[in-house]
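Reproduced below: protein_24.txt, with compact mmCIF, C-alpha atoms.
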# COMPACT_ATOMS: atom_id res chain seq x y z
CA MET A 1 71.38 -104.26 -9.77
CA THR A 2 67.71 -104.79 -10.60
CA THR A 3 66.48 -107.33 -13.12
CA ALA A 4 64.12 -106.07 -15.79
CA ASP A 5 60.69 -107.62 -15.92
CA PRO A 6 60.56 -109.71 -19.13
CA LEU A 7 56.86 -108.97 -19.50
CA GLU A 8 57.57 -105.24 -19.57
CA ALA A 9 60.75 -105.31 -21.69
CA PRO A 10 60.74 -102.50 -24.33
CA GLY A 11 61.25 -104.82 -27.30
CA ARG A 12 58.80 -107.49 -26.27
CA ARG A 13 55.62 -107.85 -28.30
CA ARG A 14 52.62 -107.13 -26.09
CA THR A 15 49.52 -109.30 -26.39
CA PRO A 16 46.13 -108.99 -24.64
CA VAL A 17 47.14 -111.86 -22.37
CA HIS A 18 50.25 -109.95 -21.26
CA GLY A 19 48.14 -106.88 -20.62
CA TRP A 20 45.63 -108.80 -18.51
CA PHE A 21 48.42 -110.50 -16.56
CA LEU A 22 50.18 -107.21 -15.81
CA ALA A 23 46.91 -105.54 -14.81
CA ALA A 24 46.07 -108.39 -12.44
CA ARG A 25 49.55 -108.35 -10.94
CA HIS A 26 49.49 -104.60 -10.40
CA ALA A 27 46.04 -104.87 -8.82
CA LEU A 28 47.27 -107.55 -6.41
CA ASP A 29 50.24 -105.36 -5.46
CA ARG A 30 48.05 -102.49 -4.30
CA PRO A 31 48.04 -101.68 -0.56
CA LEU A 32 44.33 -102.41 -0.02
CA THR A 33 44.17 -105.62 -2.05
CA ALA A 34 44.07 -107.97 0.95
CA TYR A 35 41.50 -105.79 2.71
CA TYR A 36 39.07 -105.77 -0.20
CA LEU A 37 39.61 -109.45 -1.00
CA LEU A 38 38.79 -110.43 2.58
CA LEU A 39 35.80 -108.09 2.77
CA GLY A 40 34.37 -109.11 -0.60
CA SER A 41 34.93 -112.87 -0.23
CA SER A 42 33.45 -112.93 3.28
CA ALA A 43 30.39 -110.96 2.21
CA LEU A 44 29.81 -113.19 -0.83
CA LEU A 45 30.17 -116.40 1.18
CA LEU A 46 27.78 -115.11 3.82
CA THR A 47 25.22 -114.13 1.17
CA ILE A 48 25.53 -117.48 -0.62
CA GLY A 49 25.21 -119.20 2.73
CA LEU A 50 21.94 -117.46 3.59
CA ILE A 51 20.49 -118.28 0.16
CA MET A 52 21.51 -121.93 0.43
CA VAL A 53 20.26 -122.30 4.01
CA LEU A 54 16.91 -120.92 2.85
CA SER A 55 16.78 -123.39 -0.02
CA ALA A 56 18.23 -126.45 1.71
CA SER A 57 16.16 -126.08 4.90
CA SER A 58 12.77 -125.20 3.37
CA VAL A 59 11.44 -128.77 3.37
CA TYR A 60 12.85 -129.57 6.82
CA SER A 61 11.45 -126.30 8.22
CA TYR A 62 8.01 -126.97 6.78
CA GLU A 63 7.88 -130.46 8.31
CA HIS A 64 9.26 -129.58 11.75
CA ASN A 65 7.98 -126.05 12.35
CA GLY A 66 4.25 -126.21 11.74
CA GLY A 67 4.34 -125.40 8.04
CA ASP A 68 6.80 -122.47 8.34
CA SER A 69 9.31 -122.99 5.52
CA TYR A 70 11.40 -120.03 6.71
CA ALA A 71 11.89 -121.02 10.37
CA VAL A 72 15.52 -122.21 9.99
CA VAL A 73 16.69 -119.38 7.77
CA LYS A 74 15.11 -116.83 10.11
CA ARG A 75 17.20 -118.21 12.96
CA GLN A 76 20.29 -118.09 10.74
CA LEU A 77 19.49 -114.51 9.78
CA LEU A 78 19.24 -113.62 13.45
CA TRP A 79 22.75 -114.98 13.98
CA VAL A 80 23.98 -112.94 11.01
CA VAL A 81 22.42 -109.80 12.53
CA VAL A 82 24.32 -110.55 15.73
CA GLY A 83 27.53 -111.74 14.06
CA VAL A 84 28.16 -108.93 11.57
CA PRO A 85 28.35 -106.18 14.25
CA CYS A 86 30.58 -108.50 16.31
CA ALA A 87 32.86 -108.90 13.28
CA TRP A 88 32.94 -105.11 12.82
CA ILE A 89 33.89 -104.61 16.47
CA ALA A 90 36.57 -107.30 16.17
CA SER A 91 38.06 -105.53 13.14
CA ARG A 92 38.48 -102.37 15.23
CA LEU A 93 39.85 -103.92 18.43
CA PRO A 94 43.46 -103.00 19.22
CA HIS A 95 45.87 -105.91 19.32
CA ARG A 96 46.67 -105.27 22.98
CA VAL A 97 43.01 -105.85 23.89
CA LEU A 98 42.94 -109.18 22.02
CA ARG A 99 46.12 -110.30 23.69
CA ARG A 100 44.99 -109.19 27.14
CA PHE A 101 42.03 -111.57 27.00
CA ALA A 102 43.82 -114.47 25.26
CA TRP A 103 44.34 -116.51 28.43
CA LEU A 104 40.81 -115.76 29.63
CA GLY A 105 39.40 -116.98 26.31
CA LEU A 106 41.28 -120.26 26.61
CA ILE A 107 40.17 -120.82 30.21
CA VAL A 108 36.52 -120.05 29.39
CA SER A 109 36.65 -122.47 26.44
CA ILE A 110 38.07 -125.26 28.61
CA VAL A 111 35.41 -124.67 31.28
CA LEU A 112 32.59 -124.71 28.71
CA LEU A 113 33.95 -127.89 27.11
CA ALA A 114 34.21 -129.53 30.53
CA LEU A 115 30.60 -128.58 31.31
CA THR A 116 29.42 -130.56 28.28
CA GLN A 117 30.41 -133.70 30.20
CA THR A 118 28.11 -132.76 33.09
CA GLY A 119 24.35 -132.62 33.37
CA LEU A 120 24.36 -129.49 31.21
CA GLY A 121 25.68 -131.42 28.20
CA VAL A 122 23.28 -132.06 25.33
CA GLU A 123 23.69 -135.06 23.01
CA VAL A 124 23.20 -134.45 19.29
CA ASN A 125 23.68 -137.28 16.77
CA GLY A 126 25.62 -139.33 19.30
CA ASN A 127 28.03 -136.50 20.22
CA THR A 128 27.84 -134.85 23.64
CA ASN A 129 29.48 -131.65 22.44
CA TRP A 130 26.62 -129.21 22.98
CA LEU A 131 25.82 -127.15 26.05
CA GLY A 132 22.32 -126.13 27.10
CA VAL A 133 22.33 -122.56 28.43
CA GLY A 134 18.80 -121.41 29.17
CA PRO A 135 16.80 -121.38 25.92
CA PHE A 136 20.00 -121.59 23.85
CA VAL A 137 22.10 -124.59 22.88
CA ILE A 138 25.69 -123.73 21.98
CA GLN A 139 28.68 -125.72 20.81
CA PRO A 140 31.70 -124.70 22.93
CA ALA A 141 34.14 -126.39 20.55
CA GLU A 142 33.37 -123.72 17.93
CA ILE A 143 34.27 -120.98 20.41
CA ALA A 144 37.41 -122.93 21.32
CA LYS A 145 38.67 -122.76 17.72
CA LEU A 146 38.93 -118.98 17.89
CA ALA A 147 40.18 -119.00 21.48
CA ILE A 148 43.08 -121.38 20.86
CA VAL A 149 44.22 -119.48 17.77
CA LEU A 150 44.39 -116.17 19.65
CA TRP A 151 45.96 -117.76 22.73
CA ALA A 152 48.63 -119.65 20.77
CA ALA A 153 49.40 -116.54 18.70
CA HIS A 154 49.77 -114.47 21.88
CA VAL A 155 52.10 -117.01 23.51
CA TYR A 156 54.24 -117.44 20.42
CA ALA A 157 54.42 -113.67 19.90
CA LEU A 158 55.83 -113.31 23.42
CA LYS A 159 58.42 -115.99 22.60
CA ASP A 160 59.13 -114.81 19.06
CA LYS A 161 62.89 -114.40 19.66
CA ARG A 162 63.21 -117.75 21.43
CA LEU A 163 61.36 -120.07 19.06
CA ASP A 164 64.56 -121.76 17.89
CA ASN A 165 64.40 -123.64 21.20
CA PHE A 166 62.34 -126.86 21.09
CA HIS A 167 61.09 -126.42 24.67
CA GLU A 168 59.82 -122.89 23.94
CA VAL A 169 57.93 -124.16 20.88
CA VAL A 170 56.20 -126.96 22.76
CA THR A 171 55.27 -125.36 26.10
CA PRO A 172 52.66 -124.32 26.95
CA VAL A 173 50.95 -124.33 23.54
CA VAL A 174 51.04 -128.05 22.76
CA PRO A 175 49.80 -129.22 26.20
CA GLY A 176 47.12 -126.51 26.21
CA LEU A 177 45.77 -127.39 22.77
CA LEU A 178 45.94 -131.11 23.46
CA ALA A 179 43.86 -130.54 26.60
CA VAL A 180 41.19 -128.78 24.52
CA ILE A 181 41.29 -131.55 21.91
CA ALA A 182 40.98 -134.21 24.63
CA LEU A 183 37.83 -132.53 25.98
CA VAL A 184 36.34 -132.47 22.47
CA VAL A 185 37.22 -136.13 21.97
CA ALA A 186 35.54 -136.91 25.31
CA GLY A 187 32.32 -135.66 23.72
CA HIS A 188 32.91 -138.09 20.80
CA ASP A 189 33.24 -135.23 18.27
CA LEU A 190 35.97 -136.62 16.03
CA GLY A 191 35.44 -134.08 13.24
CA THR A 192 35.94 -130.98 15.39
CA ALA A 193 38.90 -132.66 17.11
CA LEU A 194 40.57 -133.09 13.70
CA VAL A 195 40.03 -129.40 12.88
CA LEU A 196 41.57 -128.40 16.22
CA PHE A 197 44.48 -130.73 15.57
CA ALA A 198 44.97 -129.15 12.12
CA ILE A 199 45.12 -125.72 13.81
CA LEU A 200 47.76 -127.05 16.20
CA LEU A 201 49.87 -128.44 13.35
CA GLY A 202 49.48 -125.19 11.42
CA MET A 203 50.66 -123.10 14.36
CA LEU A 204 53.63 -125.41 14.93
CA TRP A 205 54.56 -125.24 11.25
CA VAL A 206 54.49 -121.45 11.10
CA VAL A 207 56.79 -121.13 14.13
CA GLY A 208 59.25 -123.62 12.64
CA ALA A 209 58.74 -126.71 14.79
CA PRO A 210 61.08 -129.62 13.92
CA GLY A 211 59.86 -132.41 11.68
CA ARG A 212 60.16 -135.11 14.37
CA LEU A 213 57.44 -133.36 16.38
CA PHE A 214 55.06 -133.51 13.40
CA ALA A 215 55.81 -137.21 12.87
CA PHE A 216 55.17 -137.98 16.53
CA MET A 217 51.92 -136.01 16.70
CA LEU A 218 50.57 -137.46 13.44
CA SER A 219 51.24 -140.95 14.78
CA VAL A 220 49.46 -140.14 18.03
CA VAL A 221 46.40 -138.66 16.30
CA ALA A 222 46.17 -141.61 13.90
CA VAL A 223 46.12 -144.08 16.79
CA ALA A 224 43.67 -141.91 18.76
CA ALA A 225 41.33 -141.54 15.76
CA LEU A 226 41.26 -145.28 15.12
CA GLY A 227 40.71 -145.93 18.80
CA LEU A 228 37.83 -143.47 18.95
CA ALA A 229 36.32 -144.91 15.79
CA SER A 230 36.45 -148.42 17.20
CA THR A 231 34.32 -147.38 20.18
CA SER A 232 31.36 -146.69 17.89
CA ALA A 233 30.08 -149.26 15.41
CA GLU A 234 28.39 -146.54 13.35
CA ARG A 235 31.52 -144.37 13.21
CA LEU A 236 33.72 -147.35 12.31
CA GLU A 237 31.29 -148.30 9.55
CA ARG A 238 31.43 -144.80 8.11
CA ILE A 239 35.22 -144.76 8.09
CA THR A 240 35.57 -148.19 6.48
CA ASN A 241 32.89 -147.60 3.80
CA PHE A 242 33.46 -143.96 2.78
CA ALA A 243 35.49 -144.81 -0.35
CA ASP A 244 32.54 -146.70 -1.87
CA PRO A 245 29.31 -145.42 -0.29
CA PHE A 246 27.17 -147.38 -2.76
CA LYS A 247 28.48 -150.64 -1.29
CA ASP A 248 26.29 -150.07 1.76
CA PHE A 249 23.79 -147.74 0.17
CA ALA A 250 20.95 -148.41 2.63
CA GLY A 251 23.22 -148.10 5.67
CA ALA A 252 26.40 -146.12 6.28
CA GLY A 253 26.62 -145.08 2.61
CA TRP A 254 23.18 -143.45 2.48
CA GLN A 255 24.27 -139.87 3.16
CA PRO A 256 27.48 -139.74 1.04
CA ALA A 257 25.76 -141.59 -1.82
CA HIS A 258 22.92 -139.06 -1.95
CA GLY A 259 25.47 -136.28 -1.67
CA LEU A 260 27.24 -137.60 -4.76
CA TRP A 261 23.92 -137.92 -6.57
CA ALA A 262 23.13 -134.31 -5.76
CA LEU A 263 26.44 -133.11 -7.15
CA SER A 264 26.22 -135.26 -10.27
CA THR A 265 22.69 -134.10 -11.15
CA GLY A 266 23.75 -130.48 -10.78
CA GLY A 267 25.87 -130.59 -13.91
CA VAL A 268 27.77 -127.48 -14.92
CA PHE A 269 25.22 -124.77 -14.16
CA GLY A 270 22.92 -126.55 -11.72
CA GLN A 271 19.20 -127.16 -11.53
CA GLY A 272 18.48 -123.67 -10.22
CA ILE A 273 18.04 -122.28 -6.70
CA GLY A 274 15.29 -124.17 -4.88
CA ALA A 275 15.21 -127.04 -7.41
CA SER A 276 17.16 -129.62 -5.39
CA GLN A 277 15.54 -133.06 -5.27
CA GLN A 278 17.81 -134.60 -2.62
CA LYS A 279 16.72 -132.17 0.10
CA TRP A 280 13.23 -133.73 0.02
CA GLY A 281 14.09 -136.23 2.73
CA SER A 282 16.79 -138.21 0.89
CA LEU A 283 19.76 -136.21 2.16
CA PRO A 284 20.11 -135.96 5.96
CA GLU A 285 21.67 -132.76 7.33
CA ALA A 286 20.98 -130.99 4.03
CA HIS A 287 21.21 -127.50 5.55
CA THR A 288 24.15 -128.26 7.86
CA ASP A 289 26.96 -130.73 7.13
CA PHE A 290 25.84 -131.58 3.57
CA ILE A 291 24.80 -128.14 2.37
CA PHE A 292 27.61 -128.26 -0.22
CA ALA A 293 25.78 -131.15 -1.91
CA VAL A 294 22.60 -129.06 -2.23
CA LEU A 295 24.69 -126.13 -3.44
CA GLY A 296 26.26 -128.31 -6.12
CA GLU A 297 22.87 -129.65 -7.20
CA GLU A 298 21.29 -126.21 -7.48
CA LEU A 299 24.26 -124.08 -8.62
CA GLY A 300 26.25 -126.77 -10.42
CA LEU A 301 29.98 -127.01 -10.92
CA VAL A 302 30.20 -123.24 -11.46
CA GLY A 303 28.64 -122.46 -8.09
CA SER A 304 30.69 -125.12 -6.31
CA LEU A 305 33.95 -123.81 -7.75
CA LEU A 306 32.90 -120.27 -6.88
CA VAL A 307 32.50 -121.19 -3.20
CA VAL A 308 35.82 -123.07 -3.11
CA GLY A 309 37.46 -120.15 -4.93
CA LEU A 310 36.16 -117.69 -2.33
CA PHE A 311 37.73 -119.73 0.46
CA LEU A 312 41.00 -119.86 -1.47
CA THR A 313 40.78 -116.09 -1.93
CA ILE A 314 40.44 -115.64 1.84
CA ALA A 315 43.46 -117.91 2.30
CA PHE A 316 45.49 -115.95 -0.28
CA ALA A 317 44.61 -112.61 1.30
CA GLY A 318 45.30 -113.93 4.79
CA ILE A 319 48.73 -115.29 3.82
CA ARG A 320 49.49 -111.96 2.16
CA VAL A 321 48.68 -110.18 5.43
CA ALA A 322 50.78 -112.66 7.43
CA THR A 323 53.81 -112.25 5.15
CA HIS A 324 53.61 -108.44 5.02
CA THR A 325 53.31 -107.73 8.73
CA ASP A 326 56.09 -107.09 11.23
CA ASP A 327 53.85 -107.96 14.18
CA PRO A 328 54.40 -111.61 15.21
CA PHE A 329 50.98 -111.79 16.88
CA VAL A 330 49.25 -110.78 13.64
CA ARG A 331 51.36 -113.25 11.66
CA TYR A 332 50.57 -116.22 13.90
CA ALA A 333 46.90 -115.36 14.45
CA THR A 334 46.31 -114.81 10.74
CA PHE A 335 47.90 -118.10 9.79
CA GLY A 336 45.94 -119.94 12.48
CA ILE A 337 42.62 -118.53 11.25
CA VAL A 338 43.46 -119.41 7.64
CA VAL A 339 44.32 -123.01 8.61
CA TRP A 340 41.09 -123.26 10.60
CA LEU A 341 38.72 -121.98 7.88
CA LEU A 342 40.49 -123.54 4.90
CA GLY A 343 41.03 -126.85 6.67
CA GLN A 344 37.40 -127.07 7.75
CA MET A 345 36.25 -126.27 4.21
CA MET A 346 38.47 -129.00 2.78
CA ILE A 347 37.17 -131.57 5.29
CA ASN A 348 33.54 -130.66 4.60
CA VAL A 349 33.93 -130.75 0.82
CA GLY A 350 35.93 -133.97 1.11
CA MET A 351 33.03 -135.55 3.04
CA VAL A 352 30.51 -134.56 0.38
CA LEU A 353 32.77 -135.86 -2.40
CA ALA A 354 33.23 -139.15 -0.48
CA LEU A 355 36.97 -138.49 -0.30
CA LEU A 356 36.77 -138.45 3.51
CA PRO A 357 34.53 -140.19 6.03
CA VAL A 358 31.38 -138.42 7.19
CA ILE A 359 32.50 -136.88 10.49
CA GLY A 360 30.01 -134.05 10.95
CA ILE A 361 31.83 -130.83 10.00
CA PRO A 362 29.87 -127.78 8.77
CA LEU A 363 30.98 -125.57 5.88
CA PRO A 364 32.13 -122.25 7.40
CA LEU A 365 29.82 -119.26 6.69
CA VAL A 366 27.56 -121.43 4.51
CA SER A 367 26.12 -124.17 6.73
CA TYR A 368 23.35 -123.46 9.22
CA GLY A 369 24.38 -122.96 12.84
CA GLY A 370 24.96 -119.93 15.00
CA SER A 371 27.61 -121.57 17.19
CA ALA A 372 29.80 -122.03 14.11
CA LEU A 373 28.83 -118.83 12.30
CA LEU A 374 29.53 -116.34 15.07
CA PRO A 375 33.17 -117.33 15.79
CA SER A 376 33.87 -117.56 12.05
CA LEU A 377 32.56 -114.04 11.48
CA VAL A 378 34.61 -112.71 14.39
CA ALA A 379 37.71 -114.45 13.01
CA LEU A 380 37.15 -112.88 9.58
CA GLY A 381 36.59 -109.52 11.26
CA LEU A 382 39.99 -109.89 12.90
CA LEU A 383 41.59 -110.70 9.53
CA ILE A 384 39.97 -107.66 7.95
CA GLY A 385 41.21 -105.53 10.85
CA PHE A 386 44.74 -106.88 10.43
CA ALA A 387 44.59 -106.04 6.71
CA ARG A 388 43.36 -102.49 7.43
CA ARG A 389 46.26 -101.90 9.83
CA GLU A 390 49.01 -102.81 7.38
CA PRO A 391 51.15 -99.63 7.19
CA GLU A 392 50.59 -99.09 3.45
CA ALA A 393 46.89 -99.95 3.72
CA ALA A 394 46.44 -97.61 6.68
CA ARG A 395 48.09 -94.77 4.76
CA ALA A 396 45.92 -95.44 1.69
CA LEU A 397 42.74 -95.40 3.78
CA ALA A 398 43.84 -92.20 5.53
CA GLN A 399 44.48 -90.53 2.18
CA ARG A 400 41.04 -91.59 0.92
CA ARG A 401 39.36 -90.20 4.04
CA LYS A 402 41.29 -86.96 3.65
CA ALA A 403 40.35 -86.69 -0.03
CA ARG A 404 36.70 -87.45 0.77
CA SER A 405 36.66 -84.80 3.51
CA ALA A 406 38.26 -82.27 1.16
CA GLY A 407 35.63 -83.06 -1.51
CA LEU A 408 32.78 -82.63 0.95
CA SER A 409 34.24 -79.33 2.18
CA ALA A 410 34.59 -78.08 -1.39
CA GLY A 411 30.98 -79.08 -2.10
CA ARG A 412 29.70 -77.13 0.90
CA VAL A 413 31.69 -74.06 -0.07
CA SER A 414 30.38 -74.15 -3.66

Show me, as structure tokens, the structure contained in the file I just sent.
Amino acid sequence: MTTADPLEAPGRRRTPVHGWFLAARHALDRPLTAYYLLLGSSALLLTIGLIMVLSASSVYSYEHNGGDSYAVVKRQLLWVVVGVPCAWIASRLPHRVLRRFAWLGLIVSIVLLALTQTGLGVEVNGNTNWLGVGPFVIQPAEIAKLAIVLWAAHVYALKDKRLDNFHEVVTPVVPGLLAVIALVVAGHDLGTALVLFAILLGMLWVVGAPGRLFAFMLSVVAVAALGLASTSAERLERITNFADPFKDFAGAGWQPAHGLWALSTGGVFGQGIGASQQKWGSLPEAHTDFIFAVLGEELGLVGSLLVVGLFLTIAFAGIRVATHTDDPFVRYATFGIVVWLLGQMMINVGMVLALLPVIGIPLPLVSYGGSALLPSLVALGLLIGFARREPEAARALAQRRKARSAGLSAGRVS
């Protein structure tokens, strides 16, 4: 026996609000909804990111690149030109190809992370988490985020029928991810380590790990984070002063205080693109970790909420894909990518709002940096590919191609 929808009951008085609600619900129930939401949100975030990198980096570029205000955004645009085709290829890759290289991806990530602790490692802002490869400097931890998601999803998909066993849940995923996190911590990159740990917790949650494991791991990471913070006076100062950055305005509170100023002066609609005052030397890392502050100053509350809303849209579409698929690999990989991107966004925004300590995390797709942008684009390409391959979505796309071909044939005949 089916229950009638109260909003569509014959005797119920219809109002414009009911009509809008029903239209929105029917639109979200369509087969290609997740596909278009992922495609549109990713494209909008990438476009906003390029605009904000251009604006936020113009002063820095002019001062450090011989008067060229476009030097930084040109490098970012180059990474976009490389990353978008990579995302397109990722969206077309068969699942068996992704799974075939899952172990290789993990091993390569571990090797690259280990190399950062050798003579090839490059120190940036006190963190030895960069690797000099010829003329390029890459951040292996960003590659590791994608690698561990695909590897963990592959392993859990193989064990899908045995995940009610605690041992099967833990091995080898937990030791493998903890090894990657330990290598990141060895480079003193606490922020990236927290993102990787969030991915681990997300993967354990989606496979139904018991609560005692979460309690144990949260206790371990809390002790490890405090221990790592205590090894650096600057990091400890940031963590202890983040709640009130104005208390030590000239020291550890300088960056979060100017970030809050930028957001507060933006108001509802912002000062306009290019009109930020804080990027003129007052706000360090304006085009990287604190680009959200410049965005809030120039685009206001409306622009800030738009960016957050786009990330939430990606999360909604990704969860829809994960809950509609019968393929365990797609389900686990999709959830891992959503935790990664949404968690990193929340940490970055929390830093700018002084809700979290400043731990050096970029805003995905928006902040400057090819090492972070390329894996994020590939991850979104995978999500879009998963959405395209949903049975109903695949049928809808096939019908559209058939209708388009029929229309073109009819046009040639006429």

Counting only C-alpha atoms, what is within 10 Å of Arg30 in chain A, bar same-chain residues fewer than 6 positions away, as a count of residues only?
-> 3

What does the distance between CA of Phe290 in chain A and CA of Gln277 in chain A come to in Å, to one decimal place?
-> 13.7 Å

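Shortest separation to Phe136 in chain A among A:Arg75, A:Gly253, A:Arg100, A:Ile89 occurs at residue A:Arg75, atoms counted being only C-alpha atoms.
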
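In this model, the gap between CA of Arg388 in chain A and CA of Lys145 in chain A comes to 23.2 Å.
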
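Comparing A:Ala398, A:Leu263, A:Leu342, A:Leu377 by their smallest distance to Ala87 in chain A, the closest is A:Leu377 (using only C-alpha atoms).
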
Hey, can you check how far CA of Pro210 in chain A sits from CA of Glu142 in chain A?
->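 These atoms are spaced 28.6 Å apart.
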